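The file data_3.txt contains compact mmCIF, N, CA and C atoms:
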```
# COMPACT_ATOMS: atom_id res chain seq x y z
N MET A 1 22.71 -42.78 -60.79
CA MET A 1 21.42 -42.22 -60.51
C MET A 1 21.02 -42.45 -59.06
N GLY A 2 21.33 -43.58 -58.49
CA GLY A 2 21.01 -43.89 -57.10
C GLY A 2 21.74 -42.98 -56.14
N MET A 3 22.97 -42.60 -56.55
CA MET A 3 23.77 -41.74 -55.71
C MET A 3 23.19 -40.32 -55.68
N ILE A 4 22.72 -39.85 -56.81
CA ILE A 4 22.12 -38.52 -56.90
C ILE A 4 20.83 -38.50 -56.11
N PHE A 5 20.07 -39.56 -56.18
CA PHE A 5 18.82 -39.64 -55.42
C PHE A 5 19.08 -39.58 -53.93
N ARG A 6 20.10 -40.35 -53.44
CA ARG A 6 20.45 -40.32 -52.01
C ARG A 6 20.93 -38.93 -51.60
N LEU A 7 21.74 -38.29 -52.45
CA LEU A 7 22.24 -36.95 -52.16
C LEU A 7 21.07 -35.96 -52.10
N PHE A 8 20.16 -36.07 -53.05
CA PHE A 8 18.97 -35.21 -53.05
C PHE A 8 18.12 -35.42 -51.81
N ARG A 9 17.96 -36.70 -51.43
CA ARG A 9 17.19 -37.04 -50.23
C ARG A 9 17.86 -36.45 -48.99
N ASN A 10 19.18 -36.54 -48.87
CA ASN A 10 19.91 -35.97 -47.72
C ASN A 10 19.79 -34.45 -47.67
N VAL A 11 19.86 -33.81 -48.84
CA VAL A 11 19.73 -32.34 -48.91
C VAL A 11 18.33 -31.93 -48.48
N VAL A 12 17.32 -32.63 -48.95
CA VAL A 12 15.94 -32.33 -48.55
C VAL A 12 15.77 -32.54 -47.05
N PHE A 13 16.31 -33.62 -46.52
CA PHE A 13 16.21 -33.89 -45.08
C PHE A 13 16.91 -32.79 -44.28
N LEU A 14 18.12 -32.40 -44.68
CA LEU A 14 18.85 -31.35 -43.97
C LEU A 14 18.13 -30.00 -44.08
N GLY A 15 17.56 -29.74 -45.24
CA GLY A 15 16.78 -28.49 -45.41
C GLY A 15 15.58 -28.48 -44.48
N TRP A 16 14.86 -29.61 -44.46
CA TRP A 16 13.70 -29.72 -43.57
C TRP A 16 14.12 -29.58 -42.11
N LEU A 17 15.23 -30.21 -41.71
CA LEU A 17 15.74 -30.14 -40.34
C LEU A 17 16.11 -28.70 -39.97
N CYS A 18 16.78 -27.98 -40.87
CA CYS A 18 17.13 -26.58 -40.61
C CYS A 18 15.86 -25.73 -40.44
N PHE A 19 14.87 -25.95 -41.33
CA PHE A 19 13.62 -25.21 -41.21
C PHE A 19 12.92 -25.52 -39.88
N ALA A 20 12.87 -26.77 -39.50
CA ALA A 20 12.22 -27.17 -38.24
C ALA A 20 12.93 -26.54 -37.04
N LEU A 21 14.26 -26.58 -37.05
CA LEU A 21 15.02 -25.99 -35.94
C LEU A 21 14.84 -24.47 -35.89
N ALA A 22 14.84 -23.82 -37.05
CA ALA A 22 14.66 -22.37 -37.08
C ALA A 22 13.28 -21.97 -36.59
N SER A 23 12.24 -22.70 -37.02
CA SER A 23 10.88 -22.36 -36.59
C SER A 23 10.70 -22.64 -35.10
N THR A 24 11.31 -23.72 -34.59
CA THR A 24 11.24 -24.01 -33.16
C THR A 24 11.95 -22.92 -32.36
N THR A 25 13.09 -22.46 -32.85
CA THR A 25 13.82 -21.38 -32.17
C THR A 25 12.99 -20.10 -32.15
N LEU A 26 12.37 -19.78 -33.27
CA LEU A 26 11.52 -18.59 -33.35
C LEU A 26 10.34 -18.70 -32.38
N ALA A 27 9.69 -19.86 -32.34
CA ALA A 27 8.56 -20.06 -31.44
C ALA A 27 9.00 -19.94 -29.98
N ALA A 28 10.16 -20.51 -29.64
CA ALA A 28 10.66 -20.43 -28.27
C ALA A 28 11.00 -19.00 -27.90
N THR A 29 11.50 -18.22 -28.85
CA THR A 29 11.81 -16.81 -28.59
C THR A 29 10.54 -16.02 -28.32
N VAL A 30 9.52 -16.22 -29.13
CA VAL A 30 8.24 -15.53 -28.93
C VAL A 30 7.65 -15.90 -27.58
N TRP A 31 7.70 -17.15 -27.23
CA TRP A 31 7.17 -17.64 -25.96
C TRP A 31 7.93 -17.00 -24.79
N ALA A 32 9.26 -16.91 -24.90
CA ALA A 32 10.08 -16.31 -23.84
C ALA A 32 9.75 -14.83 -23.67
N VAL A 33 9.54 -14.13 -24.79
CA VAL A 33 9.18 -12.70 -24.72
C VAL A 33 7.82 -12.54 -24.06
N GLN A 34 6.86 -13.38 -24.40
CA GLN A 34 5.53 -13.31 -23.79
C GLN A 34 5.61 -13.57 -22.29
N LEU A 35 6.39 -14.58 -21.89
CA LEU A 35 6.53 -14.87 -20.47
C LEU A 35 7.21 -13.72 -19.73
N THR A 36 8.19 -13.10 -20.35
CA THR A 36 8.86 -11.95 -19.73
C THR A 36 7.88 -10.81 -19.53
N ALA A 37 7.05 -10.55 -20.52
CA ALA A 37 6.03 -9.50 -20.40
C ALA A 37 5.04 -9.84 -19.29
N THR A 38 4.63 -11.09 -19.19
CA THR A 38 3.71 -11.51 -18.14
C THR A 38 4.34 -11.33 -16.77
N VAL A 39 5.59 -11.73 -16.63
CA VAL A 39 6.29 -11.58 -15.34
C VAL A 39 6.40 -10.10 -14.97
N ALA A 40 6.70 -9.25 -15.94
CA ALA A 40 6.80 -7.81 -15.67
C ALA A 40 5.46 -7.25 -15.23
N THR A 41 4.39 -7.66 -15.88
CA THR A 41 3.05 -7.19 -15.50
C THR A 41 2.68 -7.65 -14.10
N VAL A 42 2.89 -8.91 -13.81
CA VAL A 42 2.55 -9.44 -12.49
C VAL A 42 3.41 -8.78 -11.41
N SER A 43 4.68 -8.54 -11.70
CA SER A 43 5.55 -7.88 -10.73
C SER A 43 5.06 -6.46 -10.45
N GLY A 44 4.65 -5.76 -11.49
CA GLY A 44 4.12 -4.41 -11.31
C GLY A 44 2.85 -4.40 -10.48
N GLN A 45 1.97 -5.36 -10.74
CA GLN A 45 0.73 -5.46 -9.97
C GLN A 45 1.02 -5.79 -8.51
N ALA A 46 1.99 -6.67 -8.28
CA ALA A 46 2.35 -7.02 -6.91
C ALA A 46 2.93 -5.82 -6.18
N ALA A 47 3.74 -5.04 -6.85
CA ALA A 47 4.32 -3.85 -6.23
C ALA A 47 3.23 -2.84 -5.90
N ALA A 48 2.28 -2.65 -6.81
CA ALA A 48 1.18 -1.72 -6.56
C ALA A 48 0.32 -2.20 -5.39
N ALA A 49 0.08 -3.49 -5.32
CA ALA A 49 -0.71 -4.04 -4.21
C ALA A 49 0.03 -3.86 -2.89
N ALA A 50 1.35 -4.02 -2.91
CA ALA A 50 2.14 -3.85 -1.69
C ALA A 50 2.08 -2.42 -1.20
N VAL A 51 2.13 -1.45 -2.13
CA VAL A 51 2.06 -0.04 -1.74
C VAL A 51 0.69 0.26 -1.16
N ALA A 52 -0.37 -0.24 -1.79
CA ALA A 52 -1.72 -0.01 -1.29
C ALA A 52 -1.89 -0.63 0.09
N HIS A 53 -1.37 -1.83 0.27
CA HIS A 53 -1.49 -2.49 1.57
C HIS A 53 -0.73 -1.71 2.64
N ARG A 54 0.42 -1.18 2.28
CA ARG A 54 1.22 -0.41 3.24
C ARG A 54 0.45 0.84 3.67
N ARG A 55 -0.22 1.50 2.73
CA ARG A 55 -1.02 2.69 3.07
C ARG A 55 -2.17 2.31 4.00
N GLN A 56 -2.84 1.20 3.72
CA GLN A 56 -3.94 0.77 4.58
C GLN A 56 -3.43 0.44 5.97
N LEU A 57 -2.29 -0.22 6.03
CA LEU A 57 -1.71 -0.57 7.32
C LEU A 57 -1.31 0.69 8.10
N ALA A 58 -0.73 1.66 7.42
CA ALA A 58 -0.34 2.91 8.08
C ALA A 58 -1.58 3.63 8.61
N ARG A 59 -2.67 3.62 7.86
CA ARG A 59 -3.91 4.27 8.32
C ARG A 59 -4.48 3.54 9.54
N ALA A 60 -4.44 2.22 9.53
CA ALA A 60 -4.94 1.44 10.67
C ALA A 60 -4.10 1.73 11.92
N ILE A 61 -2.80 1.83 11.75
CA ILE A 61 -1.93 2.14 12.89
C ILE A 61 -2.23 3.55 13.40
N ALA A 62 -2.43 4.49 12.48
CA ALA A 62 -2.74 5.86 12.89
C ALA A 62 -4.06 5.91 13.65
N ARG A 63 -5.05 5.14 13.22
CA ARG A 63 -6.33 5.11 13.94
C ARG A 63 -6.15 4.53 15.34
N THR A 64 -5.35 3.49 15.47
CA THR A 64 -5.10 2.89 16.78
C THR A 64 -4.40 3.89 17.69
N LYS A 65 -3.45 4.61 17.14
CA LYS A 65 -2.77 5.63 17.94
C LYS A 65 -3.73 6.74 18.35
N ALA A 66 -4.65 7.10 17.45
CA ALA A 66 -5.64 8.12 17.79
C ALA A 66 -6.53 7.67 18.94
N LYS A 67 -6.93 6.41 18.93
CA LYS A 67 -7.74 5.88 20.04
C LYS A 67 -6.95 5.91 21.34
N ALA A 68 -5.69 5.49 21.27
CA ALA A 68 -4.85 5.50 22.47
C ALA A 68 -4.65 6.93 22.97
N ARG A 69 -4.48 7.87 22.05
CA ARG A 69 -4.30 9.28 22.42
C ARG A 69 -5.54 9.79 23.15
N LEU A 70 -6.69 9.45 22.65
CA LEU A 70 -7.94 9.88 23.28
C LEU A 70 -8.05 9.31 24.69
N ARG A 71 -7.71 8.04 24.84
CA ARG A 71 -7.76 7.43 26.18
C ARG A 71 -6.79 8.11 27.13
N ARG A 72 -5.60 8.44 26.63
CA ARG A 72 -4.62 9.12 27.49
C ARG A 72 -5.13 10.48 27.92
N MET A 73 -5.77 11.20 27.00
CA MET A 73 -6.28 12.53 27.35
C MET A 73 -7.39 12.45 28.37
N ILE A 74 -8.24 11.46 28.22
CA ILE A 74 -9.36 11.32 29.16
C ILE A 74 -8.86 10.96 30.55
N ALA A 75 -7.87 10.09 30.60
CA ALA A 75 -7.37 9.61 31.89
C ALA A 75 -6.29 10.50 32.49
N ALA A 76 -5.92 11.57 31.80
CA ALA A 76 -4.81 12.40 32.25
C ALA A 76 -5.13 13.12 33.56
N VAL A 77 -4.18 13.07 34.48
CA VAL A 77 -4.26 13.86 35.70
C VAL A 77 -3.88 15.27 35.29
N PRO A 78 -4.53 16.31 35.83
CA PRO A 78 -4.36 17.66 35.29
C PRO A 78 -2.90 18.10 35.04
N ILE A 79 -2.02 18.07 35.99
CA ILE A 79 -0.67 18.60 35.77
C ILE A 79 0.27 17.54 35.22
N ALA A 80 0.36 16.40 35.89
CA ALA A 80 1.23 15.32 35.41
C ALA A 80 0.73 14.81 34.06
N GLY A 81 -0.57 14.81 33.89
CA GLY A 81 -1.15 14.34 32.63
C GLY A 81 -0.78 15.23 31.47
N LEU A 82 -0.71 16.54 31.69
CA LEU A 82 -0.34 17.44 30.60
C LEU A 82 1.09 17.17 30.14
N GLY A 83 1.98 16.91 31.08
CA GLY A 83 3.36 16.57 30.72
C GLY A 83 3.42 15.25 29.95
N ALA A 84 2.63 14.27 30.41
CA ALA A 84 2.59 12.98 29.73
C ALA A 84 2.01 13.13 28.32
N ILE A 85 0.97 13.92 28.19
CA ILE A 85 0.38 14.15 26.87
C ILE A 85 1.40 14.78 25.94
N ALA A 86 2.11 15.80 26.44
CA ALA A 86 3.11 16.46 25.60
C ALA A 86 4.20 15.47 25.18
N TYR A 87 4.65 14.65 26.11
CA TYR A 87 5.69 13.66 25.79
C TYR A 87 5.20 12.67 24.75
N PHE A 88 4.00 12.11 24.95
CA PHE A 88 3.48 11.10 24.02
C PHE A 88 3.18 11.72 22.65
N GLU A 89 2.68 12.95 22.64
CA GLU A 89 2.41 13.60 21.36
C GLU A 89 3.71 13.82 20.58
N GLU A 90 4.76 14.25 21.28
CA GLU A 90 6.04 14.46 20.60
C GLU A 90 6.58 13.13 20.06
N ARG A 91 6.45 12.07 20.83
CA ARG A 91 6.91 10.75 20.38
C ARG A 91 6.09 10.28 19.17
N ASP A 92 4.78 10.48 19.21
CA ASP A 92 3.93 10.11 18.07
C ASP A 92 4.28 10.95 16.84
N PHE A 93 4.58 12.25 17.06
CA PHE A 93 4.97 13.10 15.93
C PHE A 93 6.27 12.60 15.31
N GLN A 94 7.23 12.22 16.13
CA GLN A 94 8.50 11.72 15.60
C GLN A 94 8.30 10.41 14.82
N ASP A 95 7.41 9.54 15.31
CA ASP A 95 7.09 8.31 14.57
C ASP A 95 6.45 8.65 13.23
N TRP A 96 5.52 9.60 13.25
CA TRP A 96 4.85 10.03 12.02
C TRP A 96 5.87 10.65 11.06
N LYS A 97 6.80 11.40 11.60
CA LYS A 97 7.82 12.09 10.80
C LYS A 97 8.70 11.08 10.06
N GLU A 98 8.95 9.91 10.66
CA GLU A 98 9.73 8.87 9.98
C GLU A 98 9.04 8.40 8.71
N ASP A 99 7.72 8.27 8.75
CA ASP A 99 6.96 7.84 7.57
C ASP A 99 6.70 8.99 6.61
N ASN A 100 6.76 10.23 7.10
CA ASN A 100 6.49 11.41 6.29
C ASN A 100 7.61 12.42 6.49
N PRO A 101 8.79 12.18 5.92
CA PRO A 101 9.95 13.03 6.19
C PRO A 101 9.77 14.49 5.76
N ASP A 102 8.91 14.73 4.77
CA ASP A 102 8.69 16.10 4.31
C ASP A 102 7.49 16.76 5.00
N GLY A 103 6.87 16.05 5.94
CA GLY A 103 5.68 16.56 6.60
C GLY A 103 6.00 17.65 7.61
N THR A 104 4.99 18.48 7.86
CA THR A 104 5.14 19.56 8.85
C THR A 104 4.25 19.25 10.05
N ARG A 105 4.46 20.03 11.10
CA ARG A 105 3.62 19.86 12.30
C ARG A 105 2.16 20.18 11.98
N ALA A 106 1.94 21.13 11.09
CA ALA A 106 0.56 21.47 10.72
C ALA A 106 -0.11 20.30 10.01
N GLU A 107 0.60 19.63 9.12
CA GLU A 107 0.04 18.46 8.43
C GLU A 107 -0.22 17.34 9.42
N TYR A 108 0.70 17.16 10.36
CA TYR A 108 0.50 16.13 11.40
C TYR A 108 -0.73 16.47 12.22
N ALA A 109 -0.85 17.75 12.61
CA ALA A 109 -1.99 18.18 13.43
C ALA A 109 -3.31 17.95 12.68
N CYS A 110 -3.31 18.23 11.39
CA CYS A 110 -4.54 18.01 10.61
C CYS A 110 -4.89 16.53 10.54
N GLU A 111 -3.90 15.69 10.32
CA GLU A 111 -4.15 14.24 10.25
C GLU A 111 -4.65 13.72 11.60
N VAL A 112 -4.00 14.16 12.68
CA VAL A 112 -4.41 13.73 14.02
C VAL A 112 -5.82 14.22 14.33
N ALA A 113 -6.13 15.48 13.97
CA ALA A 113 -7.45 16.03 14.24
C ALA A 113 -8.53 15.26 13.49
N GLU A 114 -8.25 14.94 12.24
CA GLU A 114 -9.22 14.20 11.43
C GLU A 114 -9.47 12.80 12.00
N LEU A 115 -8.40 12.09 12.33
CA LEU A 115 -8.55 10.74 12.88
C LEU A 115 -9.21 10.79 14.26
N SER A 116 -8.83 11.78 15.07
CA SER A 116 -9.42 11.90 16.41
C SER A 116 -10.91 12.19 16.32
N ALA A 117 -11.31 13.04 15.37
CA ALA A 117 -12.74 13.33 15.20
C ALA A 117 -13.50 12.07 14.80
N GLU A 118 -12.90 11.25 13.93
CA GLU A 118 -13.56 9.99 13.55
C GLU A 118 -13.71 9.08 14.76
N VAL A 119 -12.66 9.00 15.57
CA VAL A 119 -12.70 8.13 16.75
C VAL A 119 -13.70 8.67 17.77
N ILE A 120 -13.68 9.98 17.99
CA ILE A 120 -14.62 10.59 18.94
C ILE A 120 -16.05 10.31 18.49
N ASP A 121 -16.29 10.44 17.19
CA ASP A 121 -17.63 10.16 16.67
C ASP A 121 -18.03 8.72 16.93
N GLU A 122 -17.09 7.77 16.76
CA GLU A 122 -17.38 6.36 17.04
C GLU A 122 -17.66 6.15 18.52
N VAL A 123 -16.87 6.79 19.39
CA VAL A 123 -17.07 6.65 20.84
C VAL A 123 -18.41 7.25 21.25
N LEU A 124 -18.74 8.42 20.67
CA LEU A 124 -19.98 9.09 21.02
C LEU A 124 -21.21 8.32 20.56
N GLN A 125 -21.06 7.47 19.57
CA GLN A 125 -22.20 6.66 19.10
C GLN A 125 -22.69 5.69 20.18
N ASP A 126 -21.80 5.40 21.16
CA ASP A 126 -22.19 4.51 22.25
C ASP A 126 -23.02 5.22 23.31
N LEU A 127 -23.04 6.55 23.30
CA LEU A 127 -23.81 7.32 24.28
C LEU A 127 -25.29 7.32 23.92
N PRO A 128 -26.14 7.53 24.90
CA PRO A 128 -27.57 7.67 24.57
C PRO A 128 -27.78 8.87 23.65
N GLU A 129 -28.75 8.77 22.79
CA GLU A 129 -28.97 9.80 21.79
C GLU A 129 -29.30 11.16 22.41
N SER A 130 -29.90 11.17 23.59
CA SER A 130 -30.28 12.44 24.20
C SER A 130 -29.08 13.27 24.64
N VAL A 131 -27.94 12.64 24.95
CA VAL A 131 -26.75 13.39 25.38
C VAL A 131 -25.66 13.41 24.32
N ARG A 132 -25.86 12.74 23.22
CA ARG A 132 -24.85 12.65 22.16
C ARG A 132 -24.88 13.91 21.30
N PRO A 133 -23.71 14.56 21.11
CA PRO A 133 -23.69 15.72 20.20
C PRO A 133 -23.86 15.26 18.76
N SER A 134 -24.31 16.16 17.91
CA SER A 134 -24.53 15.80 16.51
C SER A 134 -23.18 15.62 15.81
N PRO A 135 -23.15 14.76 14.78
CA PRO A 135 -21.90 14.57 14.02
C PRO A 135 -21.39 15.88 13.40
N ASP A 136 -22.31 16.77 13.00
CA ASP A 136 -21.88 18.05 12.44
C ASP A 136 -21.14 18.88 13.48
N ASN A 137 -21.60 18.77 14.72
CA ASN A 137 -20.93 19.51 15.80
C ASN A 137 -19.53 18.96 16.02
N VAL A 138 -19.38 17.64 16.00
CA VAL A 138 -18.07 17.02 16.16
C VAL A 138 -17.17 17.39 15.00
N GLN A 139 -17.69 17.36 13.77
CA GLN A 139 -16.88 17.73 12.61
C GLN A 139 -16.50 19.21 12.64
N GLY A 140 -17.30 20.02 13.34
CA GLY A 140 -16.97 21.44 13.48
C GLY A 140 -15.75 21.68 14.34
N TRP A 141 -15.34 20.71 15.12
CA TRP A 141 -14.15 20.85 15.96
C TRP A 141 -12.87 20.73 15.14
N LEU A 142 -12.98 20.22 13.92
CA LEU A 142 -11.79 20.03 13.09
C LEU A 142 -11.19 21.37 12.67
N PRO A 143 -9.87 21.45 12.66
CA PRO A 143 -9.24 22.68 12.14
C PRO A 143 -9.38 22.76 10.64
N ASP A 144 -9.18 23.94 10.08
CA ASP A 144 -9.23 24.10 8.63
C ASP A 144 -7.97 23.53 8.02
N CYS A 145 -8.12 22.43 7.30
CA CYS A 145 -6.98 21.77 6.65
C CYS A 145 -7.29 21.68 5.17
N GLU A 146 -6.23 21.49 4.38
CA GLU A 146 -6.42 21.37 2.92
C GLU A 146 -6.99 20.04 2.58
```

Would you mind writing the structure in this file as structure tokens?
Amino acid sequence: MGMIFRLFRNVVFLGWLCFALASTTLAATVWAVQLTATVATVSGQAAAAAVAHRRQLARAIARTKAKARLRRMIAAVPIAGLGAIAYFEERDFQDWKEDNPDGTRAEYACEVAELSAEVIDEVLQDLPESVRPSPDNVQGWLPDCE
């Protein structure tokens, strides 16, 4: 009888041990799946934030180039300045083309016109109100773009 009791006790212990190990394995699997889903979500959010930041950075660079373009036009000497403007515009277009490989000159012109109008409006805000053109007049200089 003592032998059967010990055997029964060992079987119960082994059964309990198998159940404990199986439930621990199941819990660890669920936890690993949850962590994988969390990592995937965070990675997606980080990628989206990186794309948004890149767009903001590209817009800031374009605005800086628009300001520099305006300064070059203002300071341009009539004949030599026109050649310099053409050279710098072509170089800026090629830089823009690298970021927008499917873009056309018309799309570039529209983007440049829009940014230049914003910059001109900012520069004109520094003028006295009596000589400053209205913002509607400045926006009227923009070409018809989509």

Task: Picked from range 40-144 of chain A by DSSP as alpha helix (DSSP H), as a PyMOL selection string - done: chain A and resi 40-75+78-99+105-124+135-139

- [ ] Between atom N of Cys110 in chain A and atom N of Asp144 in chain A, measure the distance and give it in Å to one decimal.
- [x] 8.3 Å

- [ ] Identify, on the basis of only C-alpha atoms, every residue whose closest approach to Trp96 in chain A does not exceed 10 Å; exclude the query and any residue fewer than 4 positions from it along the same chain; express the result as a PyMOL selection string.
- [x] chain A and resi 58+62+90-92+100-101+103+105+108

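Take the candidates A:Gly2, A:Lys67, A:Trp31, A:Leu57 and check each one against Val119 in chain A using all atoms listed in the file; the shortest distance goes to A:Lys67.
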
All heavy atoms restored at range 54-64 of chain A, emitted as a JSON list (two decimals), in the frame of the given file:
```
[["chain", "number", "residue", "atom", "x", "y", "z"],
["A", 54, "ARG", "N", 0.42, -1.18, 2.28],
["A", 54, "ARG", "CA", 1.22, -0.41, 3.24],
["A", 54, "ARG", "C", 0.45, 0.84, 3.67],
["A", 54, "ARG", "O", 0.46, 1.20, 4.84],
["A", 54, "ARG", "CB", 2.56, -0.01, 2.61],
["A", 54, "ARG", "CG", 3.51, 0.62, 3.59],
["A", 54, "ARG", "CD", 4.88, 0.85, 2.93],
["A", 54, "ARG", "NE", 5.93, 1.15, 3.85],
["A", 54, "ARG", "CZ", 6.14, 2.33, 4.41],
["A", 54, "ARG", "NH1", 5.31, 3.30, 4.18],
["A", 54, "ARG", "NH2", 7.15, 2.52, 5.22],
["A", 55, "ARG", "N", -0.22, 1.50, 2.73],
["A", 55, "ARG", "CA", -1.02, 2.69, 3.07],
["A", 55, "ARG", "C", -2.17, 2.31, 4.00],
["A", 55, "ARG", "O", -2.46, 3.03, 4.96],
["A", 55, "ARG", "CB", -1.56, 3.34, 1.81],
["A", 55, "ARG", "CG", -0.51, 4.06, 1.02],
["A", 55, "ARG", "CD", -1.10, 4.77, -0.17],
["A", 55, "ARG", "NE", -0.04, 5.34, -1.00],
["A", 55, "ARG", "CZ", -0.10, 5.45, -2.29],
["A", 55, "ARG", "NH1", -1.18, 5.05, -2.94],
["A", 55, "ARG", "NH2", 0.89, 5.97, -2.97],
["A", 56, "GLN", "N", -2.84, 1.20, 3.72],
["A", 56, "GLN", "CA", -3.94, 0.77, 4.58],
["A", 56, "GLN", "C", -3.43, 0.44, 5.97],
["A", 56, "GLN", "O", -4.08, 0.77, 6.97],
["A", 56, "GLN", "CB", -4.63, -0.46, 3.98],
["A", 56, "GLN", "CG", -5.42, -0.17, 2.74],
["A", 56, "GLN", "CD", -5.93, -1.44, 2.08],
["A", 56, "GLN", "OE1", -5.48, -2.54, 2.38],
["A", 56, "GLN", "NE2", -6.88, -1.30, 1.15],
["A", 57, "LEU", "N", -2.29, -0.22, 6.03],
["A", 57, "LEU", "CA", -1.71, -0.57, 7.32],
["A", 57, "LEU", "C", -1.31, 0.69, 8.10],
["A", 57, "LEU", "O", -1.58, 0.78, 9.30],
["A", 57, "LEU", "CB", -0.49, -1.48, 7.10],
["A", 57, "LEU", "CG", 0.16, -2.06, 8.35],
["A", 57, "LEU", "CD1", -0.83, -2.92, 9.10],
["A", 57, "LEU", "CD2", 1.37, -2.90, 7.95],
["A", 58, "ALA", "N", -0.73, 1.66, 7.42],
["A", 58, "ALA", "CA", -0.34, 2.91, 8.08],
["A", 58, "ALA", "C", -1.58, 3.63, 8.61],
["A", 58, "ALA", "O", -1.56, 4.18, 9.72],
["A", 58, "ALA", "CB", 0.43, 3.80, 7.12],
["A", 59, "ARG", "N", -2.67, 3.62, 7.86],
["A", 59, "ARG", "CA", -3.91, 4.27, 8.32],
["A", 59, "ARG", "C", -4.48, 3.54, 9.54],
["A", 59, "ARG", "O", -4.94, 4.16, 10.48],
["A", 59, "ARG", "CB", -4.92, 4.30, 7.19],
["A", 59, "ARG", "CG", -6.23, 4.95, 7.62],
["A", 59, "ARG", "CD", -6.80, 5.79, 6.52],
["A", 59, "ARG", "NE", -8.10, 6.31, 6.86],
["A", 59, "ARG", "CZ", -8.28, 7.53, 7.35],
["A", 59, "ARG", "NH1", -7.27, 8.32, 7.53],
["A", 59, "ARG", "NH2", -9.50, 7.96, 7.63],
["A", 60, "ALA", "N", -4.44, 2.22, 9.53],
["A", 60, "ALA", "CA", -4.94, 1.44, 10.67],
["A", 60, "ALA", "C", -4.10, 1.73, 11.92],
["A", 60, "ALA", "O", -4.65, 1.88, 13.02],
["A", 60, "ALA", "CB", -4.94, -0.04, 10.36],
["A", 61, "ILE", "N", -2.80, 1.83, 11.75],
["A", 61, "ILE", "CA", -1.93, 2.14, 12.89],
["A", 61, "ILE", "C", -2.23, 3.55, 13.40],
["A", 61, "ILE", "O", -2.29, 3.77, 14.62],
["A", 61, "ILE", "CB", -0.45, 1.99, 12.48],
["A", 61, "ILE", "CG1", -0.12, 0.51, 12.28],
["A", 61, "ILE", "CG2", 0.48, 2.60, 13.52],
["A", 61, "ILE", "CD1", 1.24, 0.26, 11.66],
["A", 62, "ALA", "N", -2.43, 4.49, 12.48],
["A", 62, "ALA", "CA", -2.74, 5.86, 12.89],
["A", 62, "ALA", "C", -4.06, 5.91, 13.65],
["A", 62, "ALA", "O", -4.19, 6.65, 14.64],
["A", 62, "ALA", "CB", -2.79, 6.77, 11.66],
["A", 63, "ARG", "N", -5.05, 5.14, 13.22],
["A", 63, "ARG", "CA", -6.33, 5.11, 13.94],
["A", 63, "ARG", "C", -6.15, 4.53, 15.34],
["A", 63, "ARG", "O", -6.74, 5.02, 16.30],
["A", 63, "ARG", "CB", -7.36, 4.30, 13.16],
["A", 63, "ARG", "CG", -7.88, 5.01, 11.93],
["A", 63, "ARG", "CD", -8.95, 4.20, 11.22],
["A", 63, "ARG", "NE", -10.12, 3.92, 12.02],
["A", 63, "ARG", "CZ", -11.12, 4.78, 12.21],
["A", 63, "ARG", "NH1", -11.09, 5.95, 11.66],
["A", 63, "ARG", "NH2", -12.15, 4.44, 12.95],
["A", 64, "THR", "N", -5.35, 3.49, 15.47],
["A", 64, "THR", "CA", -5.10, 2.89, 16.78],
["A", 64, "THR", "C", -4.40, 3.89, 17.69],
["A", 64, "THR", "O", -4.75, 4.01, 18.88],
["A", 64, "THR", "CB", -4.25, 1.62, 16.63],
["A", 64, "THR", "OG1", -4.94, 0.71, 15.77],
["A", 64, "THR", "CG2", -3.99, 0.97, 17.96]]
```
